[in-house]
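Below is one structure; the comments refer to it alone.
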Amino acid sequence: MQVEKIISIELTKEQAQEYAVKVAKENTDKTVKLVKYMGGGSFGKAVKVTFEDKKSIVVKFLRAEGMLEKETGDLTLLRENCSVKMPAVLFVRHKDERVPVDCYAMEYIEGKPMIYDFALYFASKKKRRAIAEKITEGLHSLHECKSAKFGDIHNPDCGSWREFYKPFAEQILVKAKELADKGEIKKDIVDTMQRAWEKFDIIFEEEVKDACLIHGDLNVINIMVDKSHNLKAFIDPLNSCYADREYDLFQFYNLTGKRFSLGEVYAEKYGVSKRFYDKMAFYGLFNEVYCYIKSGVLVGFIMRPLVKNMNKRLKDL
Ligand SMILES: Nc1ncnc2c1ncn2[C@@H]1O[C@H](COP(=O)(O)OP(=O)(O)O)[C@@H](O)[C@H]1O
Ligand SMILES: [Mg+2]
């Protein structure tokens with residue numbers, strides 16, 4: 001995983017909609033009735049296209065080089081191994097003169113991201129526990145898919161998790177220091193990272209036994225729920241690999257994830273390592289800085305609690 005700023009193609013919502021219609025027409029023999037921008041993060045933009053027969057697909061544009069193969073490959077493999085629904089890839093399209101951004105189409109999932117389901121957020125403890133059970137069971141079904149080695153989803157080649165993760169984390173720290181010197185990231189974030197790095201061998205003293213297939217980005221925006229507030233699907237894998245399965249859990253502590261005790265429910269059902277909370281703090285902070293390095297977008301309301309939490313854990317390390 002390269003730790004550097006990713007060059008991405010500009011794409012407005014309007015362009016995404018226009019291109020989505022083009023590619024839908026090109027790849028189906030149906031008449032397009034409606035087109036709706038659904039959302040997107042740093043490199044993706046998703047558009048819903050509805051046809052005359054009322055069926056819909058989602059066209060997702062990927063604005064950076066190489067993402068198309070990785071994301072569609074990961075989605076296909078994860079879908080085959082996950083007990084929770086994940087969208088099927090329908091077709092893949094490389095950029096050209098007509099549509100100058102890579103994209104793929106996938107099955108449309110009826111529902112919305114869990115973060116926007118306010119009724120679920122305020123639901124009873126029992127209801128929140130019930131959905132947390134379903135989510136963790138689904139994620140654990142992926143984790144049951146194991147490899148002899150850690151690393152890349154299609155070509156894992158590391159004998160241990162440390163061999164894969166430690167050099168990666170170090171690259172993030174080195175790059176963050178460079179950015180701090182240029183005044184592009186606050187010094188206190190990098191100071192916290194440095195102090196956490198010094199405790200790496202303690203935090204990661206317990207050896208990770210299994211190389212498990214991970215989603216890589218299962219936060220509450222990538223978990224879809226239906227109108228009855230039940231779990232519907234997982235979407236949008238990122239950086240999927242064969243990893244420490246706990247590397248798939250720190251996202252549960254971001255945004256509204258804590259409200260559903262997702263990490264605790266997973267821990268209760270499947271067990272976690274001794275340094276679990278220290279690892280969650282380390283993984284969360286280093287991943288967020290990694291995302292910032294790649295995208296240039298710093299999300300303060302995610303970053304601040306992560307720095308605070310790492311500092312809190314460091315007091316006892
Ligand atoms: N298959 C799908 N069915 C329905 N909605 C989807 C689907 N894929 C994405 N979306 C919607 O589009 C939004 C952005 O898509 P996502 O794949 O998460 O992009 P990004 O990688 O930029 O986060 C999601 O939060 C969700 O609301
Ligand atoms: Mg997403």
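Quick note on naming: the chains in the structure tokens go A, B, ... in the order shown, residues restart at 1 in each chain, and ligands are numbered from 1 in order of appearance.
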
Practice task
Can you tell me which residues come within 9 Å of ligand 2 when counting only C-alpha atoms and all ligand atoms, ideally as an MDAnalysis selection string?
Solution key: chainID A and resid 39:41 44 113 217:223 235:238

Handout entry: All residues 7 Å or closer to region 295-307 of chain A, only C-alpha atoms, same chain fewer than 5 positions away omitted, as a count of residues only
Key = 10

Problem - Top pick for closest residue to ligand 1, considering A:Gly257, A:Gly138, A:Gly216, A:Pro167 and counting only C-alpha atoms and all ligand atoms - result: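 Under the stated criterion, the closest residue is A:Gly216.
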
Practice task
Please indicate the distance in Å from CA of Ala16 (chain A) to CA of Gly73 (chain A), rounded to one decimal place.
Solution key: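 Between CA of Ala16 (chain A) and CA of Gly73 (chain A) the gap works out to 22.2 Å.
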
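Using only C-alpha atoms, the shortest contact distance between Lys166 (chain A) and any of A:Ile203, A:Val92, A:Ala20, A:Val265 is found at A:Ile203.
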
Problem - Two-atom distance - atom 1 (N, counted along the ligand's line) of ligand 1, CA of Glu137 (chain A) (Å) - result: 20.5 Å

Handout entry: In region 103-288 of chain A, DSSP strand (DSSP E or B) residues written as JSON, numbers by chain
Key = {"A": [103, 104, 105, 106, 107, 112, 113, 146, 147, 150, 151, 152, 158, 211, 212, 213, 223, 224, 225, 231, 232, 233, 234, 241, 242, 243]}

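Among the candidates A:Ser56, A:Gln2, A:Thr31, A:Ser147, the one nearest to ligand 1 when counting only C-alpha atoms and all ligand atoms is A:Ser56.
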
Exercise for the section: Within 12 Å of Ala267 (chain A), counting only C-alpha atoms, which residues show up once you throw out same-chain ones fewer than 5 positions away? Write them as a list in words, please. Expected result: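 Residues meeting the cut-off are Ala132, Glu133, Thr136, Glu137, His140, Arg245, Glu246, Leu249, Phe250, Phe252, Ser261, Leu262, Val272, Ser273, Lys274, Phe276 and Tyr277 of chain A.
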
Practice task
Just give me the gap between atom 14 (C, counted along the ligand's line) of ligand 1 and CA of Glu71 (chain A) in Å, one decimal is fine.
Solution key: 13.2 Å

Problem - Distance query region 45-50 of chain A at most 12 Å, only C-alpha atoms, self and fewer than 6 positions along chain excluded, as a PyMOL selection string - result: chain A and resi 9-25+28+30-39+56-64+101-110+235-236

Exercise for the section: Excluding Arg128 (chain A) and any residue of its chain fewer than 2 positions from it, enumerate the residues within 10 Å of it, using only C-alpha atoms, and give them as a ChimeraX atom specification. Expected result: /A:120-126,130-133,229-230,259-262

Exercise for the section: Select, from A:Lys55, A:Lys315, A:Lys112, A:Lys232, the residue with the minimum atom-to-atom distance to ligand 1, counting only C-alpha atoms and all ligand atoms. Expected result: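 Looking at the shortest contact to ligand 1, the residue is A:Lys112.
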
Exercise for the section: Determine the nearest neighbour of ligand 1 from the options A:Asp181, A:Asp226, A:Glu52, A:Glu170, counting only C-alpha atoms and all ligand atoms. Expected result: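 The answer is A:Asp226, which sits nearest to ligand 1.
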
Problem - For Ser160 (chain A), the nearest of the candidates A:Ala180, A:Ile202, A:Ile185, A:Ala243, counting only C-alpha atoms - result: A:Ala243

Could you give me, as a PDB file with all heavy atoms, in the first residue's frame, each residue of region 187-239 of chain A that DSSP assigns to helix (DSSP H, G or I) when run on this structure's backbone?
```pdb
ATOM      1  N   LYS A 187       1.569  19.450  14.380  1.00  0.00           N
ATOM      2  CA  LYS A 187       2.685  18.788  15.078  1.00  0.00           C
ATOM      3  C   LYS A 187       2.173  17.827  16.155  1.00  0.00           C
ATOM      4  O   LYS A 187       2.763  16.772  16.360  1.00  0.00           O
ATOM      5  CB  LYS A 187       3.595  19.845  15.715  1.00  0.00           C
ATOM      6  CG  LYS A 187       4.534  20.514  14.712  1.00  0.00           C
ATOM      7  CD  LYS A 187       5.983  20.197  15.063  1.00  0.00           C
ATOM      8  CE  LYS A 187       7.006  20.400  13.989  1.00  0.00           C
ATOM      9  NZ  LYS A 187       6.787  21.244  12.880  1.00  0.00           N
ATOM     10  N   ASP A 188       1.110  18.206  16.846  1.00  0.00           N
ATOM     11  CA  ASP A 188       0.651  17.355  17.964  1.00  0.00           C
ATOM     12  C   ASP A 188       0.174  15.987  17.461  1.00  0.00           C
ATOM     13  O   ASP A 188       0.303  14.983  18.161  1.00  0.00           O
ATOM     14  CB  ASP A 188      -0.432  18.053  18.793  1.00  0.00           C
ATOM     15  CG  ASP A 188      -1.736  18.190  18.046  1.00  0.00           C
ATOM     16  OD1 ASP A 188      -1.731  18.752  16.937  1.00  0.00           O
ATOM     17  OD2 ASP A 188      -2.771  17.717  18.557  1.00  0.00           O
ATOM     18  N   ILE A 189      -0.336  15.942  16.243  1.00  0.00           N
ATOM     19  CA  ILE A 189      -0.771  14.640  15.688  1.00  0.00           C
ATOM     20  C   ILE A 189       0.461  13.757  15.492  1.00  0.00           C
ATOM     21  O   ILE A 189       0.490  12.590  15.892  1.00  0.00           O
ATOM     22  CB  ILE A 189      -1.517  14.834  14.326  1.00  0.00           C
ATOM     23  CG1 ILE A 189      -2.754  15.712  14.507  1.00  0.00           C
ATOM     24  CG2 ILE A 189      -1.873  13.480  13.711  1.00  0.00           C
ATOM     25  CD1 ILE A 189      -3.506  16.017  13.208  1.00  0.00           C
ATOM     26  N   VAL A 190       1.496  14.353  14.914  1.00  0.00           N
ATOM     27  CA  VAL A 190       2.713  13.587  14.624  1.00  0.00           C
ATOM     28  C   VAL A 190       3.452  13.225  15.920  1.00  0.00           C
ATOM     29  O   VAL A 190       4.015  12.133  16.033  1.00  0.00           O
ATOM     30  CB  VAL A 190       3.615  14.370  13.640  1.00  0.00           C
ATOM     31  CG1 VAL A 190       4.849  13.567  13.279  1.00  0.00           C
ATOM     32  CG2 VAL A 190       2.831  14.710  12.376  1.00  0.00           C
ATOM     33  N   ASP A 191       3.403  14.122  16.909  1.00  0.00           N
ATOM     34  CA  ASP A 191       4.026  13.805  18.211  1.00  0.00           C
ATOM     35  C   ASP A 191       3.358  12.579  18.824  1.00  0.00           C
ATOM     36  O   ASP A 191       4.034  11.676  19.337  1.00  0.00           O
ATOM     37  CB  ASP A 191       3.869  14.981  19.190  1.00  0.00           C
ATOM     38  CG  ASP A 191       4.805  16.126  18.830  1.00  0.00           C
ATOM     39  OD1 ASP A 191       5.699  15.906  17.994  1.00  0.00           O
ATOM     40  OD2 ASP A 191       4.619  17.240  19.374  1.00  0.00           O
ATOM     41  N   THR A 192       2.050  12.551  18.764  1.00  0.00           N
ATOM     42  CA  THR A 192       1.315  11.400  19.311  1.00  0.00           C
ATOM     43  C   THR A 192       1.679  10.133  18.540  1.00  0.00           C
ATOM     44  O   THR A 192       1.911   9.076  19.134  1.00  0.00           O
ATOM     45  CB  THR A 192      -0.210  11.660  19.244  1.00  0.00           C
ATOM     46  OG1 THR A 192      -0.478  12.855  19.970  1.00  0.00           O
ATOM     47  CG2 THR A 192      -1.005  10.518  19.849  1.00  0.00           C
ATOM     48  N   MET A 193       1.753  10.253  17.214  1.00  0.00           N
ATOM     49  CA  MET A 193       2.131   9.081  16.401  1.00  0.00           C
ATOM     50  C   MET A 193       3.526   8.585  16.795  1.00  0.00           C
ATOM     51  O   MET A 193       3.752   7.387  16.922  1.00  0.00           O
ATOM     52  CB  MET A 193       2.146   9.455  14.912  1.00  0.00           C
ATOM     53  CG  MET A 193       0.778   9.696  14.330  1.00  0.00           C
ATOM     54  SD  MET A 193       0.941  10.300  12.639  1.00  0.00           S
ATOM     55  CE  MET A 193       1.287   8.784  11.752  1.00  0.00           C
ATOM     56  N   GLN A 194       4.442   9.526  16.973  1.00  0.00           N
ATOM     57  CA  GLN A 194       5.816   9.165  17.320  1.00  0.00           C
ATOM     58  C   GLN A 194       5.856   8.411  18.659  1.00  0.00           C
ATOM     59  O   GLN A 194       6.514   7.375  18.783  1.00  0.00           O
ATOM     60  CB  GLN A 194       6.688  10.435  17.378  1.00  0.00           C
ATOM     61  CG  GLN A 194       8.110  10.224  17.854  1.00  0.00           C
ATOM     62  CD  GLN A 194       8.925   9.292  16.946  1.00  0.00           C
ATOM     63  OE1 GLN A 194       8.766   9.317  15.725  1.00  0.00           O
ATOM     64  NE2 GLN A 194       9.781   8.459  17.542  1.00  0.00           N
ATOM     65  N   ARG A 195       5.108   8.945  19.641  1.00  0.00           N
ATOM     66  CA  ARG A 195       5.121   8.294  20.955  1.00  0.00           C
ATOM     67  C   ARG A 195       4.480   6.904  20.874  1.00  0.00           C
ATOM     68  O   ARG A 195       4.912   5.966  21.523  1.00  0.00           O
ATOM     69  CB  ARG A 195       4.429   9.190  21.990  1.00  0.00           C
ATOM     70  CG  ARG A 195       5.327  10.398  22.353  1.00  0.00           C
ATOM     71  CD  ARG A 195       4.832  11.180  23.533  1.00  0.00           C
ATOM     72  NE  ARG A 195       3.508  11.725  23.287  1.00  0.00           N
ATOM     73  CZ  ARG A 195       2.424  11.431  23.978  1.00  0.00           C
ATOM     74  NH1 ARG A 195       2.502  10.604  24.993  1.00  0.00           N
ATOM     75  NH2 ARG A 195       1.272  11.973  23.667  1.00  0.00           N
ATOM     76  N   ALA A 196       3.455   6.779  20.050  1.00  0.00           N
ATOM     77  CA  ALA A 196       2.812   5.471  19.865  1.00  0.00           C
ATOM     78  C   ALA A 196       3.779   4.512  19.169  1.00  0.00           C
ATOM     79  O   ALA A 196       3.892   3.341  19.529  1.00  0.00           O
ATOM     80  CB  ALA A 196       1.537   5.635  19.039  1.00  0.00           C
ATOM     81  N   TRP A 197       4.504   5.043  18.190  1.00  0.00           N
ATOM     82  CA  TRP A 197       5.472   4.234  17.449  1.00  0.00           C
ATOM     83  C   TRP A 197       6.536   3.650  18.384  1.00  0.00           C
ATOM     84  O   TRP A 197       6.942   2.493  18.251  1.00  0.00           O
ATOM     85  CB  TRP A 197       6.127   5.100  16.365  1.00  0.00           C
ATOM     86  CG  TRP A 197       7.170   4.390  15.589  1.00  0.00           C
ATOM     87  CD1 TRP A 197       8.513   4.580  15.644  1.00  0.00           C
ATOM     88  CD2 TRP A 197       6.961   3.331  14.640  1.00  0.00           C
ATOM     89  NE1 TRP A 197       9.159   3.717  14.793  1.00  0.00           N
ATOM     90  CE2 TRP A 197       8.227   2.936  14.163  1.00  0.00           C
ATOM     91  CE3 TRP A 197       5.823   2.675  14.153  1.00  0.00           C
ATOM     92  CZ2 TRP A 197       8.402   1.924  13.229  1.00  0.00           C
ATOM     93  CZ3 TRP A 197       5.986   1.666  13.214  1.00  0.00           C
ATOM     94  CH2 TRP A 197       7.259   1.304  12.762  1.00  0.00           C
ATOM     95  N   GLU A 198       6.962   4.475  19.365  1.00  0.00           N
ATOM     96  CA  GLU A 198       7.968   4.003  20.326  1.00  0.00           C
ATOM     97  C   GLU A 198       7.457   2.829  21.160  1.00  0.00           C
ATOM     98  O   GLU A 198       8.243   2.082  21.738  1.00  0.00           O
ATOM     99  CB  GLU A 198       8.423   5.169  21.220  1.00  0.00           C
ATOM    100  CG  GLU A 198       9.399   6.073  20.472  1.00  0.00           C
ATOM    101  CD  GLU A 198       9.471   7.486  21.028  1.00  0.00           C
ATOM    102  OE1 GLU A 198       9.093   7.706  22.197  1.00  0.00           O
ATOM    103  OE2 GLU A 198       9.910   8.388  20.264  1.00  0.00           O
ATOM    104  N   PHE A 200       5.504   0.494  19.866  1.00  0.00           N
ATOM    105  CA  PHE A 200       5.014  -0.497  18.894  1.00  0.00           C
ATOM    106  C   PHE A 200       5.191  -1.935  19.400  1.00  0.00           C
ATOM    107  O   PHE A 200       4.275  -2.756  19.340  1.00  0.00           O
ATOM    108  CB  PHE A 200       5.734  -0.321  17.540  1.00  0.00           C
ATOM    109  CG  PHE A 200       5.121  -1.139  16.433  1.00  0.00           C
ATOM    110  CD1 PHE A 200       4.175  -0.590  15.569  1.00  0.00           C
ATOM    111  CD2 PHE A 200       5.456  -2.481  16.262  1.00  0.00           C
ATOM    112  CE1 PHE A 200       3.587  -1.349  14.558  1.00  0.00           C
ATOM    113  CE2 PHE A 200       4.868  -3.252  15.248  1.00  0.00           C
ATOM    114  CZ  PHE A 200       3.942  -2.678  14.400  1.00  0.00           C
ATOM    115  N   ASP A 201       6.384  -2.227  19.908  1.00  0.00           N
ATOM    116  CA  ASP A 201       6.657  -3.613  20.304  1.00  0.00           C
ATOM    117  C   ASP A 201       5.814  -4.064  21.494  1.00  0.00           C
ATOM    118  O   ASP A 201       5.578  -5.258  21.658  1.00  0.00           O
ATOM    119  CB  ASP A 201       8.152  -3.792  20.600  1.00  0.00           C
ATOM    120  CG  ASP A 201       8.973  -3.728  19.316  1.00  0.00           C
ATOM    121  OD1 ASP A 201       8.368  -3.872  18.221  1.00  0.00           O
ATOM    122  OD2 ASP A 201      10.193  -3.508  19.396  1.00  0.00           O
ATOM    123  N   ILE A 202       5.401  -3.104  22.305  1.00  0.00           N
ATOM    124  CA  ILE A 202       4.521  -3.473  23.422  1.00  0.00           C
ATOM    125  C   ILE A 202       3.095  -3.665  22.895  1.00  0.00           C
ATOM    126  O   ILE A 202       2.446  -4.668  23.175  1.00  0.00           O
ATOM    127  CB  ILE A 202       4.544  -2.379  24.528  1.00  0.00           C
ATOM    128  CG1 ILE A 202       5.956  -2.228  25.084  1.00  0.00           C
ATOM    129  CG2 ILE A 202       3.544  -2.718  25.641  1.00  0.00           C
ATOM    130  CD1 ILE A 202       6.118  -1.085  26.076  1.00  0.00           C
ATOM    131  N   ILE A 203       2.647  -2.702  22.123  1.00  0.00           N
ATOM    132  CA  ILE A 203       1.269  -2.781  21.599  1.00  0.00           C
ATOM    133  C   ILE A 203       1.069  -4.061  20.784  1.00  0.00           C
ATOM    134  O   ILE A 203       0.041  -4.722  20.873  1.00  0.00           O
ATOM    135  CB  ILE A 203       0.937  -1.525  20.748  1.00  0.00           C
ATOM    136  CG1 ILE A 203       1.033  -0.257  21.599  1.00  0.00           C
ATOM    137  CG2 ILE A 203      -0.450  -1.640  20.118  1.00  0.00           C
ATOM    138  CD1 ILE A 203       0.901   1.062  20.823  1.00  0.00           C
TER     139      ILE A 203
END
```
